[in-house]
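Peer 1: You'll find upload-v3.txt just under this line, and it carries compact mmCIF, C-alpha atoms.
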```txt
# COMPACT_ATOMS: atom_id res chain seq x y z
CA GLY O 23 27.17 10.22 -15.28
CA PRO O 24 25.50 13.22 -16.93
CA TYR O 25 23.43 13.98 -13.84
CA ASP O 26 25.69 13.12 -10.93
CA ARG O 27 29.24 12.25 -9.89
CA PHE O 28 31.26 9.17 -8.93
CA GLY O 29 29.66 6.87 -11.52
CA TRP O 30 26.08 7.18 -10.30
CA HIS O 31 23.52 7.57 -13.04
CA HIS O 32 20.13 8.92 -12.00
CA LEU O 33 17.20 9.20 -14.36
CA GLY O 34 17.05 12.92 -15.11
CA PRO O 35 18.41 16.40 -14.41
CA THR O 36 15.45 18.16 -12.75
CA TYR O 37 17.08 18.39 -9.30
CA ILE O 38 20.35 19.59 -10.83
CA TYR O 39 18.44 22.30 -12.70
CA LEU O 40 16.75 23.38 -9.47
CA LEU O 41 20.14 23.59 -7.74
CA ALA O 42 21.46 25.65 -10.64
CA LEU O 43 18.46 27.97 -10.34
CA GLY O 44 19.11 28.40 -6.61
CA ARG O 45 22.76 29.10 -7.21
CA THR O 46 21.94 31.73 -9.81
CA ALA O 47 19.21 33.34 -7.68
CA THR O 48 21.50 33.63 -4.63
CA GLY O 49 24.55 34.73 -6.58
CA GLY O 50 26.38 31.54 -5.70
CA ALA O 51 25.89 31.88 -1.93
CA PRO O 52 27.06 28.83 0.07
CA PHE O 53 23.53 28.10 1.32
CA TYR O 54 21.88 27.81 -2.11
CA GLY O 55 21.66 24.01 -1.88
CA ASN O 56 20.15 24.18 1.60
CA LEU O 57 17.60 26.70 0.37
CA ILE O 58 16.47 24.47 -2.51
CA SER O 59 16.25 21.47 -0.18
CA VAL O 60 14.07 23.37 2.29
CA LEU O 61 11.80 24.61 -0.50
CA ILE O 62 11.36 21.12 -1.96
CA ASN O 63 10.80 19.37 1.38
CA GLY O 64 8.60 22.13 2.75
CA GLY O 65 6.60 22.33 -0.45
CA CYS O 66 6.00 18.57 -0.38
CA LEU O 67 4.82 18.69 3.24
CA VAL O 68 2.47 21.56 2.45
CA GLY O 69 1.24 19.68 -0.61
CA ILE O 70 0.50 16.56 1.45
CA ALA O 71 -1.30 18.60 4.10
CA LEU O 72 -3.40 20.58 1.61
CA THR O 73 -4.25 17.51 -0.43
CA LEU O 74 -5.52 15.57 2.56
CA TRP O 75 -7.10 18.55 4.33
CA GLY O 76 -9.14 19.47 1.28
CA LEU O 77 -10.81 16.10 0.91
CA SER O 78 -14.57 16.27 0.79
CA ARG O 79 -15.24 12.63 1.63
CA PRO O 80 -15.03 11.85 5.36
CA ARG O 81 -13.65 8.35 4.78
CA SER O 82 -10.84 9.82 2.67
CA ALA O 83 -9.96 12.36 5.32
CA ALA O 84 -9.10 9.43 7.59
CA ALA O 85 -5.96 8.97 5.49
CA ALA O 86 -4.49 12.17 6.97
CA PRO O 87 -3.19 10.61 10.22
CA TYR O 88 -1.34 7.92 8.26
CA MET O 89 0.45 10.39 6.01
CA VAL O 90 1.28 12.67 8.94
CA THR O 91 2.67 9.65 10.78
CA ALA O 92 4.76 8.72 7.76
CA ALA O 93 6.15 12.27 7.56
CA LEU O 94 6.99 12.22 11.28
CA VAL O 95 8.74 8.86 10.89
CA VAL O 96 10.85 10.33 8.12
CA LEU O 97 11.70 13.35 10.27
CA LEU O 98 12.65 11.13 13.22
CA ALA O 99 14.69 8.74 11.08
CA TYR O 100 16.60 11.39 9.17
CA GLY O 101 16.50 14.19 11.72
CA SER O 102 15.13 17.67 11.19
CA ALA O 103 18.49 18.65 9.71
CA SER O 104 17.64 16.54 6.66
CA PHE O 105 15.15 19.22 5.62
CA GLN O 106 18.03 21.50 4.70
CA PHE O 107 20.45 18.70 3.74
CA PHE O 108 20.70 18.83 -0.05
CA TRP O 109 22.22 15.40 -0.62
CA ASN O 110 20.04 13.99 -3.37
CA ALA O 111 19.23 10.72 -1.54
CA ALA O 112 17.71 12.72 1.33
CA VAL O 113 15.83 15.17 -0.90
CA ALA O 114 14.13 12.33 -2.82
CA VAL O 115 12.14 11.13 0.22
CA MET O 116 9.47 13.81 0.62
CA PRO O 117 8.50 13.96 -3.09
CA LEU O 118 7.95 10.18 -2.92
CA LEU O 119 5.62 10.62 0.07
CA LEU O 120 3.72 13.32 -1.81
CA ALA O 121 3.44 11.06 -4.87
CA THR O 122 2.08 8.25 -2.69
CA ALA O 123 -0.52 10.55 -1.11
CA LEU O 124 -1.66 11.88 -4.48
CA ALA O 125 -1.85 8.36 -5.93
CA ALA O 126 -4.01 7.24 -3.00
CA LEU O 127 -6.35 10.19 -3.52
CA ALA O 128 -6.44 9.50 -7.25
CA VAL O 129 -7.74 6.02 -6.46
CA ASP O 130 -10.31 7.38 -4.02
CA ARG O 131 -11.57 10.15 -6.28
CA HIS O 132 -11.07 8.34 -9.60
CA SER O 133 -9.08 11.37 -10.76
CA ALA O 134 -6.63 11.25 -13.65
CA ASN O 135 -5.33 14.71 -12.73
CA LEU O 136 -4.39 13.57 -9.24
CA TRP O 137 -2.56 10.64 -10.82
CA LEU O 138 -0.69 13.03 -13.12
CA GLY O 139 0.23 15.10 -10.06
CA ALA O 140 1.54 11.92 -8.43
CA LEU O 141 3.56 11.19 -11.58
CA ALA O 142 5.10 14.67 -11.49
CA ALA O 143 6.08 14.29 -7.81
CA ALA O 144 7.43 10.79 -8.44
CA SER O 145 9.41 12.08 -11.41
CA LEU O 146 11.10 14.65 -9.20
CA SER O 147 11.86 11.94 -6.65
CA ILE O 148 13.40 9.39 -9.01
CA GLN O 149 15.29 12.02 -11.00
CA THR O 150 16.76 13.30 -7.76
CA ASP O 151 17.85 9.78 -6.77
CA ILE O 152 17.15 6.50 -8.51
CA SER O 153 16.62 4.52 -5.27
CA PRO O 154 12.84 5.33 -4.90
CA LEU O 155 12.15 3.92 -8.39
CA PRO O 156 10.69 0.54 -7.26
CA ALA O 157 8.39 2.20 -4.71
CA ALA O 158 7.29 4.79 -7.26
CA LEU O 159 6.56 2.14 -9.89
CA VAL O 160 4.45 0.12 -7.45
CA SER O 161 2.58 3.16 -6.12
CA LEU O 162 1.76 4.73 -9.47
CA GLY O 163 1.28 1.36 -11.16
CA LEU O 164 -1.37 0.25 -8.68
CA ALA O 165 -3.18 3.59 -8.85
CA GLY O 166 -3.00 3.64 -12.65
CA ALA O 167 -4.34 0.10 -12.90
CA VAL O 168 -7.30 0.99 -10.66
CA LEU O 169 -8.09 4.09 -12.74
CA VAL O 170 -7.88 2.16 -16.01
CA LEU O 171 -10.02 -0.73 -14.78
CA ASP O 172 -12.57 1.78 -13.47
CA ALA O 173 -12.60 3.93 -16.61
CA PRO O 174 -16.08 4.50 -18.06
CA ILE O 175 -14.79 3.86 -21.60
CA LEU O 176 -14.43 0.15 -20.87
CA PRO O 177 -17.32 -2.04 -22.15
CA TRP O 178 -18.31 -3.38 -18.73
CA LYS O 179 -18.39 0.16 -17.30
CA ARG O 180 -20.27 2.02 -20.01
CA ARG O 181 -23.82 0.98 -19.27
CA ARG O 182 -23.45 0.98 -15.47
CA ASP O 183 -21.77 4.38 -15.26
CA ARG O 184 -23.56 6.19 -18.06
CA ALA O 185 -25.87 8.03 -15.68
CA HIS O 186 -23.01 9.05 -13.37
CA ARG O 187 -20.44 9.97 -15.97
CA GLN O 188 -19.12 13.51 -15.63
CA THR O 189 -17.89 15.52 -18.59
CA PRO O 190 -14.45 17.06 -17.88
CA THR O 191 -14.72 20.77 -17.22
CA ARG O 192 -12.60 23.39 -18.91
CA ARG O 193 -10.70 23.90 -15.68
CA SER O 194 -10.01 20.18 -15.44
CA ARG O 195 -8.68 20.11 -18.99
CA VAL O 196 -6.42 23.10 -18.28
CA VAL O 197 -5.01 21.35 -15.20
CA THR O 198 -4.44 18.22 -17.26
CA GLY O 199 -2.55 20.25 -19.87
CA ILE O 200 -0.40 21.98 -17.27
CA LEU O 201 0.52 18.74 -15.51
CA ALA O 202 1.28 16.98 -18.79
CA THR O 203 3.50 19.89 -19.85
CA VAL O 204 5.40 19.86 -16.56
CA ILE O 205 6.02 16.11 -16.84
CA ALA O 206 7.13 16.45 -20.47
CA VAL O 207 9.56 19.26 -19.59
CA MET O 208 11.01 17.19 -16.75
CA TRP O 209 11.71 14.17 -18.96
CA ALA O 210 12.59 15.88 -22.26
CA PRO O 211 16.28 16.51 -21.36
CA ALA O 212 16.81 12.88 -20.36
CA LEU O 213 15.18 11.58 -23.54
CA ILE O 214 17.07 14.04 -25.77
CA GLN O 215 20.36 13.09 -24.11
CA GLN O 216 19.59 9.41 -24.65
CA VAL O 217 18.72 9.87 -28.33
CA THR O 218 21.70 12.10 -29.15
CA ALA O 219 24.33 10.10 -27.25
CA ALA O 220 26.55 7.48 -28.84
CA PRO O 221 25.04 3.95 -28.96
CA GLY O 222 25.00 2.48 -25.48
CA GLN O 223 26.31 5.70 -23.91
CA GLY O 224 23.02 7.42 -23.15
CA ASN O 225 22.22 7.91 -19.49
CA LEU O 226 19.07 5.79 -19.55
CA ALA O 227 20.91 3.05 -21.45
CA ARG O 228 23.64 3.05 -18.81
CA VAL O 229 21.05 2.73 -16.06
CA VAL O 230 19.50 -0.29 -17.79
CA HIS O 231 22.95 -1.80 -18.40
CA PHE O 232 23.83 -1.42 -14.72
CA PHE O 233 20.85 -3.49 -13.63
CA LEU O 234 21.42 -6.15 -16.30
CA ALA O 235 25.16 -6.51 -15.73
CA ALA O 236 26.68 -8.90 -13.19
CA HIS O 237 27.80 -7.39 -9.87
CA SER O 238 29.09 -8.60 -6.55
CA ARG O 239 26.16 -8.38 -4.17
CA PRO O 240 25.86 -8.31 -0.38
CA SER O 241 24.26 -11.24 1.40
CA TRP O 242 20.54 -11.20 2.23
CA ALA O 243 21.44 -10.95 5.93
CA SER O 244 23.59 -7.85 5.51
CA ALA O 245 21.03 -6.24 3.19
CA THR O 246 18.31 -6.93 5.78
CA VAL O 247 20.40 -5.32 8.52
CA VAL O 248 20.83 -2.16 6.43
CA ALA O 249 17.18 -1.97 5.31
CA GLY O 250 15.61 -2.82 8.67
CA ASN O 251 17.76 -0.56 10.80
CA ALA O 252 17.17 2.35 8.44
CA LEU O 253 13.61 2.35 9.86
CA ILE O 254 14.85 2.83 13.43
CA PRO O 255 15.44 6.45 14.52
CA SER O 256 19.15 6.93 15.16
CA ALA O 257 18.32 8.87 18.33
CA LEU O 258 17.25 5.62 20.02
CA GLY O 259 20.79 4.28 19.85
CA VAL O 260 19.68 0.75 18.87
CA PRO O 261 22.63 -1.35 17.63
CA ALA O 262 22.41 -2.40 14.01
CA THR O 263 21.89 -6.16 14.25
CA LEU O 264 19.90 -8.69 12.27
CA GLY O 265 17.48 -9.09 15.20
CA SER O 266 16.70 -5.38 15.44
CA ALA O 267 16.34 -5.16 11.66
CA LEU O 268 13.85 -8.05 11.56
CA ALA O 269 11.93 -6.51 14.45
CA ALA O 270 11.67 -3.17 12.63
CA LEU O 271 10.60 -4.78 9.35
CA GLY O 272 8.11 -7.02 11.18
CA THR O 273 6.59 -4.04 12.97
CA VAL O 274 6.12 -2.18 9.70
CA LEU O 275 4.58 -5.28 8.07
CA LEU O 276 2.16 -5.86 10.96
CA ALA O 277 1.18 -2.18 11.01
CA GLY O 278 0.52 -2.29 7.28
CA CYS O 279 -1.61 -5.44 7.56
CA ALA O 280 -3.59 -3.95 10.46
CA THR O 281 -4.16 -0.73 8.53
CA LEU O 282 -5.31 -2.65 5.46
CA ALA O 283 -7.74 -4.73 7.53
CA ILE O 284 -9.24 -1.67 9.25
CA ALA O 285 -9.52 0.23 5.96
CA TRP O 286 -11.17 -2.76 4.28
CA ARG O 287 -13.77 -3.12 7.00
CA ARG O 288 -14.56 0.59 7.06
CA SER O 289 -14.59 1.07 3.26
CA MET O 290 -11.74 3.61 3.21
CA PRO O 291 -10.00 3.08 -0.15
CA ALA O 292 -7.44 5.88 0.29
CA VAL O 293 -6.27 4.43 3.60
CA ALA O 294 -6.23 0.89 2.18
CA TYR O 295 -4.10 2.05 -0.72
CA LEU O 296 -1.61 3.76 1.60
```
As structure tokens, please, write out the structure in this file.

Peer 2:
Amino acid sequence: GPYDRFGWHHLGPTYIYLLALGRTATGGAPFYGNLISVLINGGCLVGIALTLWGLSRPRSAAAAPYMVTAALVVLLAYGSASFQFFWNAAVAVMPLLLATALAALAVDRHSANLWLGALAAASLSIQTDISPLPAALVSLGLAGAVLVLDAPILPWKRRRDRAHRQTPTRRSRVVTGILATVIAVMWAPALIQQVTAAPGQGNLARVVHFFLAAHSRPSWASATVVAGNALIPSALGVPATLGSALAALGTVLLAGCATLAIAWRRSMPAVAYL
């Protein structure tokens, strides 16, 4: 496809452009891909830390341990070497975590700018590799729905929130413009390529066609083995069986339900969203 090899069609070229920038900046040194991977992953970790550390609401700050735990799980599952591993499927993970954190904070702070930041991070993730697309759609979709339903422009919100409505500051509008510009620049090449390509040959059209076309698919059991055991750190040496996969998936599900229950009881919307 236009943005990858071996018949894979991802959604945009942002990661390829970043690799090209690294190659140019280093004069084509062999480590340019590793450098870009470290910068992306490190930048996402710093972004998660700063976003959660800078929260002013104590209940929101409680989300920090959950995001740190998620980052540590990723490091354990993929190994620290994944930070400099520039295979696109590995690089897409940390931007997705950052997008999830920003979306959770957008819900907590009722901030459209935080949601736009989450959209920018998610765009980098799904343009790097298409596999995080379902998670990104759910994460940003839920946050967007909450922001829309809570918007003061809606009839049932106008009267109740009139006294508490805040006029956007000039700085807020500038941030909105910058984020919107970044997102537009990230998606413009993909949209231009789609419009200028022959009918049915655009990259986005090929992605849609792939999901609509008939394919031979693995069984639910084999898919469960792959998905469940991907959650188990390879260092533990656990054999990839259906039992271990179900145990891993069950543990994650129980942990999520317990987190949701605790967050609900303690009125911590950011933690509940995560």

Peer 1: I'd like the interatomic distance between atom CA of Gly50 of chain O and atom CA of Gln106 of chain O, to a tenth of an Å.

Peer 2: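 Taking atom CA of Gly50 of chain O as the start and atom CA of Gln106 of chain O as the end point, the length is 16.7 Å.
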
Peer 1: How many Å separate atom CA of Leu67 of chain O from atom CA of Arg288 of chain O?

Peer 2: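 One can read the atom CA of Leu67 of chain O to atom CA of Arg288 of chain O distance as 26.8 Å.
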
Peer 1: So that I can see what lies close to segment 188-204 of chain O, please list as a VMD selection string the residues with an atom at most 12 Å from it, counting all atoms listed in the file and leaving out residues fewer than 6 positions away in the same chain.

Peer 2: chain O and resid 36 132 to 143 145 to 146 173 to 174 210

Peer 1: Atom CA of Ala220 of chain O and atom CA of Gln149 of chain O are how many Å apart?

Peer 2: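 Separation of atom CA of Ala220 of chain O and atom CA of Gln149 of chain O: 21.6 Å.
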
Peer 1: Under the rule that only C-alpha atoms are counted, which of O:Phe232, O:Phe105, O:Trp209, O:Trp242 is the nearest residue to Leu57 of chain O?

Peer 2: O:Phe105
